[in-house]
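Pasted below: protein00.txt, compact mmCIF, C-alpha atoms.
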# COMPACT_ATOMS: atom_id res chain seq x y z
CA MET A 159 -36.78 0.82 196.69
CA ASN A 160 -40.47 1.54 197.21
CA GLY A 161 -41.34 5.21 197.13
CA LEU A 162 -44.19 4.62 199.59
CA LEU A 163 -45.20 1.67 201.68
CA ASN A 164 -48.52 -0.11 201.34
CA ARG A 165 -51.12 1.11 203.84
CA ARG A 166 -52.22 -2.48 204.38
CA THR A 167 -48.66 -3.42 205.27
CA LEU A 168 -47.91 -0.27 207.23
CA LEU A 169 -51.13 0.09 209.17
CA GLY A 170 -52.73 -3.33 209.05
CA ALA A 171 -50.99 -4.55 212.16
CA LEU A 172 -52.39 -1.60 214.08
CA ALA A 173 -55.91 -1.90 212.73
CA GLY A 174 -55.91 -5.66 213.23
CA SER A 175 -54.70 -5.51 216.80
CA ALA A 176 -56.47 -4.14 219.82
CA GLY A 177 -55.17 -0.78 218.60
CA ALA A 178 -52.47 1.52 219.84
CA LEU A 179 -54.73 2.72 222.61
CA ALA A 180 -54.52 -0.74 224.15
CA LEU A 181 -50.75 -0.90 224.07
CA PRO A 182 -48.90 -1.17 227.38
CA PRO A 183 -47.46 2.08 228.75
CA LEU A 184 -44.33 3.20 226.96
CA PRO A 185 -41.14 2.70 228.94
CA ALA A 186 -39.33 5.76 230.19
CA LEU A 187 -36.64 7.08 227.92
CA ALA A 188 -33.69 7.57 230.26
CA ALA A 189 -31.63 9.61 227.81
CA PRO A 190 -33.44 9.84 224.46
CA ALA A 191 -30.65 11.71 222.71
CA GLN A 192 -28.03 9.16 223.78
CA GLY A 193 -27.65 6.39 221.22
CA LEU A 194 -30.86 7.45 219.47
CA GLU A 195 -31.99 5.14 216.67
CA ILE A 196 -33.27 7.29 213.81
CA LEU A 197 -35.52 5.44 211.39
CA GLY A 198 -35.95 6.36 207.76
CA ALA A 199 -38.76 5.46 205.37
CA PRO A 200 -37.49 4.15 202.03
CA ASN A 201 -38.54 7.24 200.09
CA GLY A 202 -36.26 9.75 198.44
CA SER A 203 -36.82 12.68 200.78
CA THR A 204 -35.23 10.72 203.63
CA ILE A 205 -31.92 11.84 202.09
CA VAL A 206 -32.35 15.25 203.76
CA LEU A 207 -32.28 13.79 207.25
CA LEU A 208 -29.47 11.44 206.25
CA ARG A 209 -27.39 14.40 205.12
CA LEU A 210 -28.06 16.22 208.39
CA ILE A 211 -26.79 13.20 210.32
CA GLN A 212 -23.78 12.76 208.04
CA SER A 213 -22.81 16.43 208.39
CA GLY A 214 -22.29 16.02 212.13
CA ALA A 215 -24.94 18.61 212.97
CA LEU A 216 -26.53 16.24 215.50
CA ASP A 217 -23.33 14.90 217.07
CA GLN A 218 -23.47 17.14 220.13
CA VAL A 219 -27.20 16.79 220.79
CA ALA A 220 -27.57 13.11 219.85
CA PRO A 221 -24.20 11.41 220.43
CA GLY A 222 -24.05 7.90 219.06
CA ALA A 223 -27.19 8.31 216.95
CA SER A 224 -27.66 5.61 214.32
CA PHE A 225 -29.78 5.35 211.18
CA ARG A 226 -31.61 2.50 209.51
CA LEU A 227 -34.54 2.08 207.17
CA TRP A 228 -37.90 0.88 208.42
CA ARG A 229 -40.01 -1.22 206.09
CA ASP A 230 -43.20 -2.33 207.84
CA THR A 231 -45.54 -1.40 210.65
CA ASP A 232 -44.38 -4.08 213.06
CA GLU A 233 -40.80 -2.81 212.86
CA LEU A 234 -41.76 0.84 213.27
CA ARG A 235 -44.29 0.22 216.04
CA ALA A 236 -41.89 -1.97 218.01
CA ALA A 237 -39.17 0.67 217.80
CA ILE A 238 -41.52 3.42 218.99
CA VAL A 239 -43.12 1.43 221.80
CA SER A 240 -39.82 0.09 223.12
CA GLY A 241 -38.35 3.59 223.18
CA ARG A 242 -35.54 2.64 220.80
CA SER A 243 -36.68 5.25 218.31
CA SER A 244 -38.59 8.47 218.69
CA LEU A 245 -37.59 10.18 215.43
CA PHE A 246 -38.40 8.90 211.94
CA THR A 247 -39.09 9.95 208.38
CA THR A 248 -42.44 8.82 207.07
CA PRO A 249 -45.29 9.24 204.62
CA THR A 250 -47.33 11.97 206.32
CA HIS A 251 -50.46 9.90 206.82
CA VAL A 252 -48.65 7.29 208.95
CA PRO A 253 -47.96 9.42 212.08
CA ALA A 254 -51.44 10.96 211.75
CA ASN A 255 -52.93 7.47 211.87
CA LEU A 256 -50.77 6.42 214.81
CA ALA A 257 -51.47 9.64 216.71
CA ASN A 258 -55.20 9.13 216.21
CA ARG A 259 -54.79 5.63 217.64
CA GLY A 260 -53.16 6.92 220.81
CA LEU A 261 -49.43 7.09 220.20
CA PRO A 262 -48.02 10.46 221.33
CA LEU A 263 -46.53 11.51 218.00
CA LYS A 264 -46.28 14.86 216.24
CA LEU A 265 -45.40 15.80 212.68
CA PHE A 266 -42.27 17.94 212.83
CA ALA A 267 -41.33 18.72 209.24
CA ILE A 268 -42.33 18.23 205.62
CA LEU A 269 -39.61 16.87 203.32
CA SER A 270 -41.49 16.19 200.08
CA MET A 271 -44.27 18.06 198.32
CA GLY A 272 -45.16 15.12 196.13
CA HIS A 273 -43.33 12.68 193.87
CA LEU A 274 -46.04 10.95 191.85
CA PHE A 275 -46.15 10.89 188.05
CA VAL A 276 -47.90 9.21 185.16
CA VAL A 277 -45.06 7.88 183.00
CA SER A 278 -45.90 6.79 179.47
CA GLY A 279 -44.57 5.87 176.07
CA ASP A 280 -47.84 7.09 174.53
CA GLU A 281 -47.14 10.55 173.11
CA SER A 282 -50.86 11.33 172.93
CA ILE A 283 -51.02 11.53 176.73
CA LYS A 284 -50.21 15.11 177.68
CA SER A 285 -52.80 15.87 180.35
CA PHE A 286 -54.88 13.92 182.87
CA LYS A 287 -57.98 13.92 180.69
CA ASP A 288 -55.96 12.20 177.95
CA LEU A 289 -56.07 9.06 180.12
CA ALA A 290 -59.70 8.51 179.12
CA GLY A 291 -59.99 5.15 177.39
CA LYS A 292 -56.37 4.23 178.18
CA SER A 293 -54.91 1.26 180.05
CA LEU A 294 -52.38 1.89 182.77
CA VAL A 295 -50.62 0.15 185.64
CA GLY A 296 -51.06 1.31 189.24
CA PHE A 297 -49.67 0.19 192.57
CA PHE A 298 -50.76 0.05 196.22
CA LYS A 299 -54.48 -0.11 195.45
CA ASN A 300 -56.52 1.98 197.91
CA ASP A 301 -53.33 3.34 199.47
CA MET A 302 -52.09 6.92 199.35
CA PRO A 303 -50.76 7.04 195.74
CA ASP A 304 -53.90 5.39 194.40
CA LEU A 305 -56.19 7.64 196.47
CA VAL A 306 -54.38 10.75 195.22
CA PHE A 307 -54.86 9.57 191.64
CA ARG A 308 -58.54 8.78 192.23
CA SER A 309 -59.14 12.14 193.87
CA ILE A 310 -57.62 13.95 190.90
CA ALA A 311 -59.71 11.88 188.48
CA LYS A 312 -62.85 12.79 190.42
CA GLY A 313 -61.83 16.45 190.29
CA TYR A 314 -61.80 16.22 186.50
CA GLY A 315 -65.19 14.52 186.44
CA MET A 316 -63.69 11.13 185.61
CA ASP A 317 -64.29 7.70 187.13
CA PRO A 318 -61.02 5.72 187.14
CA ASP A 319 -62.99 2.46 187.31
CA LYS A 320 -64.99 3.28 184.18
CA ASP A 321 -63.15 5.87 182.12
CA MET A 322 -59.84 3.99 182.02
CA THR A 323 -58.49 0.52 182.80
CA ILE A 324 -56.11 0.25 185.75
CA THR A 325 -54.22 -2.98 186.46
CA TYR A 326 -52.62 -3.03 189.90
CA VAL A 327 -49.29 -4.51 190.93
CA ARG A 328 -47.75 -4.71 194.39
CA THR A 329 -44.96 -2.14 194.19
CA PRO A 330 -43.95 0.88 192.11
CA MET A 331 -40.73 -0.85 191.05
CA GLU A 332 -42.75 -3.75 189.64
CA ALA A 333 -44.78 -1.24 187.62
CA ALA A 334 -41.56 0.49 186.52
CA GLN A 335 -40.07 -2.79 185.32
CA MET A 336 -43.20 -3.62 183.32
CA LEU A 337 -43.08 -0.19 181.70
CA ALA A 338 -39.37 -0.40 180.92
CA ALA A 339 -39.73 -3.89 179.43
CA GLY A 340 -42.56 -2.81 177.13
CA ARG A 341 -45.15 -4.97 178.93
CA ALA A 342 -47.13 -1.82 179.72
CA THR A 343 -47.39 1.55 178.00
CA THR A 344 -48.47 3.80 180.87
CA ALA A 345 -48.08 3.61 184.63
CA ILE A 346 -48.63 5.63 187.80
CA LEU A 347 -45.21 5.79 189.47
CA SER A 348 -43.53 7.37 192.45
CA GLU A 349 -39.94 8.55 192.45
CA PRO A 350 -37.33 7.18 192.10
CA PRO A 351 -39.08 4.26 190.27
CA ALA A 352 -40.28 6.74 187.61
CA THR A 353 -36.69 7.72 186.87
CA ALA A 354 -35.65 4.06 186.95
CA ALA A 355 -38.29 3.18 184.34
CA ILE A 356 -37.19 5.99 182.02
CA MET A 357 -33.52 5.06 182.34
CA MET A 358 -34.12 1.31 181.87
CA ALA A 359 -36.33 1.89 178.82
CA LYS A 360 -33.70 4.14 177.25
CA LYS A 361 -31.19 1.29 177.42
CA GLU A 362 -33.65 -0.82 175.44
CA GLY A 363 -34.18 1.91 172.85
CA ARG A 364 -37.62 2.93 174.11
CA VAL A 365 -38.66 6.45 175.09
CA LEU A 366 -40.74 7.08 178.20
CA ASN A 367 -41.82 10.49 179.49
CA ARG A 368 -43.29 11.93 182.65
CA ALA A 369 -46.54 12.75 180.91
CA ILE A 370 -48.42 14.01 183.98
CA SER A 371 -47.27 15.42 187.31
CA LEU A 372 -49.94 14.42 189.82
CA GLN A 373 -48.75 17.06 192.29
CA GLU A 374 -49.33 19.79 189.69
CA ASP A 375 -52.85 18.54 189.01
CA TRP A 376 -53.41 18.30 192.77
CA LYS A 377 -52.38 21.95 193.21
CA ALA A 378 -54.67 23.00 190.37
CA GLN A 379 -57.60 21.36 192.12
CA HIS A 380 -56.75 22.57 195.65
CA LYS A 381 -56.34 26.33 195.18
CA GLY A 382 -52.57 26.10 194.88
CA LEU A 383 -52.02 23.97 197.98
CA GLY A 384 -49.23 21.47 197.51
CA LEU A 385 -49.18 17.75 198.21
CA PRO A 386 -47.20 17.23 201.45
CA MET A 387 -46.45 13.53 201.10
CA ALA A 388 -43.44 12.83 203.34
CA GLY A 389 -41.89 14.29 206.44
CA ILE A 390 -40.37 13.77 209.89
CA ALA A 391 -42.35 12.65 212.94
CA VAL A 392 -41.20 12.75 216.56
CA HIS A 393 -42.32 11.25 219.85
CA GLU A 394 -43.55 13.75 222.45
CA ARG A 395 -41.00 12.53 224.97
CA LEU A 396 -38.17 13.46 222.66
CA ILE A 397 -39.61 16.96 222.44
CA GLU A 398 -39.84 17.22 226.21
CA GLN A 399 -36.55 15.58 227.16
CA SER A 400 -34.27 16.73 224.33
CA PRO A 401 -35.26 20.23 223.22
CA GLU A 402 -31.68 20.80 222.03
CA LEU A 403 -32.07 18.00 219.49
CA ILE A 404 -35.40 19.38 218.28
CA ALA A 405 -33.81 22.82 217.90
CA ALA A 406 -30.84 21.34 215.99
CA LEU A 407 -33.22 19.58 213.61
CA GLY A 408 -35.10 22.76 212.87
CA ALA A 409 -31.92 24.75 212.41
CA GLY A 410 -30.17 22.16 210.25
CA LEU A 411 -32.80 20.74 207.92
CA PRO A 412 -32.98 23.67 205.45
CA GLY A 413 -29.21 23.64 204.96
CA ALA A 414 -29.21 19.86 204.56
CA ARG A 415 -31.88 20.17 201.89
CA ASP A 416 -29.87 22.83 200.07
CA TRP A 417 -26.73 20.66 200.18
CA VAL A 418 -28.60 17.70 198.72
CA MET A 419 -29.91 19.72 195.79
CA ALA A 420 -26.53 21.35 195.15
CA ASN A 421 -24.55 18.09 195.40
CA LYS A 422 -26.65 15.50 193.60
CA PRO A 423 -23.85 12.99 192.82
CA GLU A 424 -22.71 13.00 196.45
CA ALA A 425 -26.31 12.72 197.63
CA GLY A 426 -26.70 9.73 195.33
CA GLN A 427 -23.64 8.09 196.86
CA LEU A 428 -25.06 8.64 200.35
CA ALA A 429 -28.38 7.12 199.25
CA GLU A 430 -26.58 4.10 197.83
CA GLN A 431 -24.71 3.60 201.10
CA LYS A 432 -27.74 3.94 203.38
CA MET A 433 -30.92 3.44 201.35
CA ASP A 434 -30.27 0.48 199.04
CA VAL A 435 -30.64 2.44 195.79
CA LYS A 436 -28.25 3.03 192.89
CA ALA A 437 -26.39 6.31 193.21
CA HIS A 438 -26.74 7.48 189.59
CA MET A 439 -30.44 6.68 189.48
CA PHE A 440 -31.10 8.47 192.76
CA ALA A 441 -29.14 11.53 191.64
CA ASN A 442 -31.12 11.69 188.39
CA ALA A 443 -34.39 11.43 190.30
CA LEU A 444 -33.65 14.20 192.81
CA ASP A 445 -35.10 17.02 190.73
CA HIS A 446 -38.43 15.19 190.74
CA PHE A 447 -38.74 14.54 194.49
CA ASN A 448 -40.00 18.09 195.19
CA VAL A 449 -37.77 18.10 198.26
CA VAL A 450 -38.38 20.80 200.87
CA ALA A 451 -37.49 21.28 204.53
CA GLU A 452 -40.39 23.15 206.11
CA PRO A 453 -42.22 23.06 209.43
CA ALA A 454 -45.33 20.90 209.41
CA ALA A 455 -47.29 23.87 210.77
CA LYS A 456 -46.40 25.89 207.66
CA GLN A 457 -48.02 23.21 205.50
CA LYS A 458 -51.00 22.65 207.81
CA ALA A 459 -53.59 23.83 205.28
CA GLY A 460 -52.17 21.51 202.64
CA LEU A 461 -51.94 18.62 205.09
CA ILE A 462 -55.56 19.05 206.12
CA ALA A 463 -56.68 19.10 202.48
CA PHE A 464 -54.63 15.97 201.89
CA TYR A 465 -55.96 14.23 205.00
CA GLU A 466 -59.55 15.15 204.16
CA THR A 467 -59.11 13.52 200.75
CA LEU A 468 -57.79 10.33 202.36
CA LEU A 469 -60.68 10.32 204.82
CA ALA A 470 -63.22 10.69 202.01
CA PHE A 471 -61.87 7.68 200.12
CA GLU A 472 -60.40 5.47 202.87
CA PRO A 473 -61.20 6.56 206.47
CA ASP A 474 -59.00 3.84 208.00
CA ALA A 475 -55.95 5.54 206.50
CA LEU A 476 -56.24 8.11 209.32
CA ALA A 477 -58.17 6.05 211.87
CA GLY A 478 -61.31 7.92 210.86
CA LYS A 479 -60.47 11.52 211.78
CA LEU A 480 -58.14 14.46 211.39
CA PRO A 481 -55.28 14.74 213.88
CA PRO A 482 -55.54 17.53 216.50
CA ASP A 483 -54.09 20.99 215.92
CA SER A 484 -51.22 20.17 218.28
CA PHE A 485 -50.05 17.48 215.84
CA TYR A 486 -48.47 20.07 213.53
CA MET A 487 -45.14 21.38 214.83
CA ASN A 488 -43.24 24.55 214.03
CA PHE A 489 -39.56 25.42 214.07

Written as structure tokens, how would this file's structure read?
Amino acid sequence: MNGLLNRRTLLGALAGSAGALALPPLPALAAPAQGLEILGAPNGSTIVLLRLIQSGALDQVAPGASFRLWRDTDELRAAIVSGRSSLFTTPTHVPANLANRGLPLKLFAILSMGHLFVVSGDESIKSFKDLAGKSLVGFFKNDMPDLVFRSIAKGYGMDPDKDMTITYVRTPMEAAQMLAAGRATTAILSEPPATAAIMMAKKEGRVLNRAISLQEDWKAQHKGLGLPMAGIAVHERLIEQSPELIAALGAGLPGARDWVMANKPEAGQLAEQKMDVKAHMFANALDHFNVVAEPAAKQKAGLIAFYETLLAFEPDALAGKLPPDSFYMNF
């Protein structure tokens, strides 16, 4: 399961088309809370929304709601434009990009404050600066995880293209498998692939460690602001036509988060059923997801710092600008 989806895959269809602004008008949503299709990104924090659905907390306000994972831009965009879905979990830059391209989306909640690590079998690597002169494997070149890493390197006065050697692969699980098999010593990984690499290596008699938490280095360089990487986005029509659902989300998410963290084996079983990931591996990774359930507006300062970093390195990641103030919702 990929912790984050490639920007080129996720947003390429939008950038390569006439753009969301040129899309035909969205069809009316007759009863958005009836039979609502809730989409989940294949990252660990989606488990919070899954638990909320499973608990029955949305049964009265969204009868017949269903859940499925989304995996690429075409699938997500089609679901939004057709009106089939107006609620989804997502890396936080995706709805900002889509909103800047004309889709009426808002960021409702933050579910993860970062789940990126440098995992290594090299015991000499204990801090970011220890990566100088090292070789490591990365994934999603010029996408969010890579841009976060590059921003941190720059903050330490390092050039990742000169001060270390990074070999890129397509997905974090590919990097995890290379690390576990001993074909690489150090890799930038998201969760749960980081946990998967550590567990697979242990079976082979090798020891891997989370040598560096990129979210901790990020905080150190951004005056304590966290790294709000994943959350929940909603369509404006859902806000207007189903305020009861929006209220139920805000009321239920903190409790769903607390249940997940207090019931890791059960959360792992739910992830295996709905998210195509092994239960024991997911449960072991949960402590490293940095799962929260907070209003997007509460994390606005951190989101802006994050978005400004993406804009500095890759403007297309946000369609060239920050989203408007109205993008950040409260509950």

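Of the residues under consideration (A:Gly460, A:Pro221, A:Gly241, A:Pro351), A:Pro351 shows the shortest atom-to-atom contact distance to Phe275 in chain A when counting all atoms listed in the file.
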
Near Ile324 in chain A, within 7 Å and counting only C-alpha atoms, which residues show up once chain neighbours fewer than 6 positions away are dropped, as a ChimeraX atom specification? /A:293-296

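Distance-wise, CA of Val206 in chain A and CA of Ala220 in chain A end up 16.9 Å apart.
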
Contacts of range 417-434 of chain A within 8 Å, all atoms listed in the file, excl. fewer than 6 positions in-chain, as a VMD selection string: chain A and resid 159 200 205 to 206 208 to 209 226 to 227 440 to 442 444 to 445

Could you write out that same residue set with C-alpha atoms as a JSON list (two decimals), in the coordinates of the input?
[["chain", "number", "residue", "atom", "x", "y", "z"],
["A", 159, "MET", "CA", -36.78, 0.82, 196.69],
["A", 200, "PRO", "CA", -37.49, 4.15, 202.03],
["A", 205, "ILE", "CA", -31.92, 11.84, 202.09],
["A", 206, "VAL", "CA", -32.35, 15.25, 203.76],
["A", 208, "LEU", "CA", -29.47, 11.44, 206.25],
["A", 209, "ARG", "CA", -27.39, 14.40, 205.12],
["A", 226, "ARG", "CA", -31.61, 2.50, 209.51],
["A", 227, "LEU", "CA", -34.54, 2.08, 207.17],
["A", 440, "PHE", "CA", -31.10, 8.47, 192.76],
["A", 441, "ALA", "CA", -29.14, 11.53, 191.64],
["A", 442, "ASN", "CA", -31.12, 11.69, 188.39],
["A", 444, "LEU", "CA", -33.65, 14.20, 192.81],
["A", 445, "ASP", "CA", -35.10, 17.02, 190.73]]

Contacts of Gly382 in chain A within 12 Å, only C-alpha atoms, excl. fewer than 5 positions in-chain, as a PyMOL selection string: chain A and resi 373-377+457+459-460+463

Within 8 Å of (-55.4, 17.6, 197.0) (file coordinates; all atoms listed in the file), which protein or nucleic acid residues are there? I'd like them as a tab-separated table (two decimals) with C-alpha atoms, in the frame of the given file.
chain	number	residue	atom	x	y	z
A	306	VAL	CA	-54.38	10.75	195.22
A	309	SER	CA	-59.14	12.14	193.87
A	310	ILE	CA	-57.62	13.95	190.90
A	376	TRP	CA	-53.41	18.30	192.77
A	377	LYS	CA	-52.38	21.95	193.21
A	379	GLN	CA	-57.60	21.36	192.12
A	380	HIS	CA	-56.75	22.57	195.65
A	383	LEU	CA	-52.02	23.97	197.98
A	384	GLY	CA	-49.23	21.47	197.51
A	385	LEU	CA	-49.18	17.75	198.21
A	460	GLY	CA	-52.17	21.51	202.64
A	463	ALA	CA	-56.68	19.10	202.48
A	464	PHE	CA	-54.63	15.97	201.89
A	467	THR	CA	-59.11	13.52	200.75

Near His251 in chain A, counting all atoms listed in the file, which residues have an atom at most 8 Å away, once you skip same-chain residues fewer than 3 positions from it, shown as JSON, numbers by chain? {"A": [254, 255, 387, 465, 475, 476]}
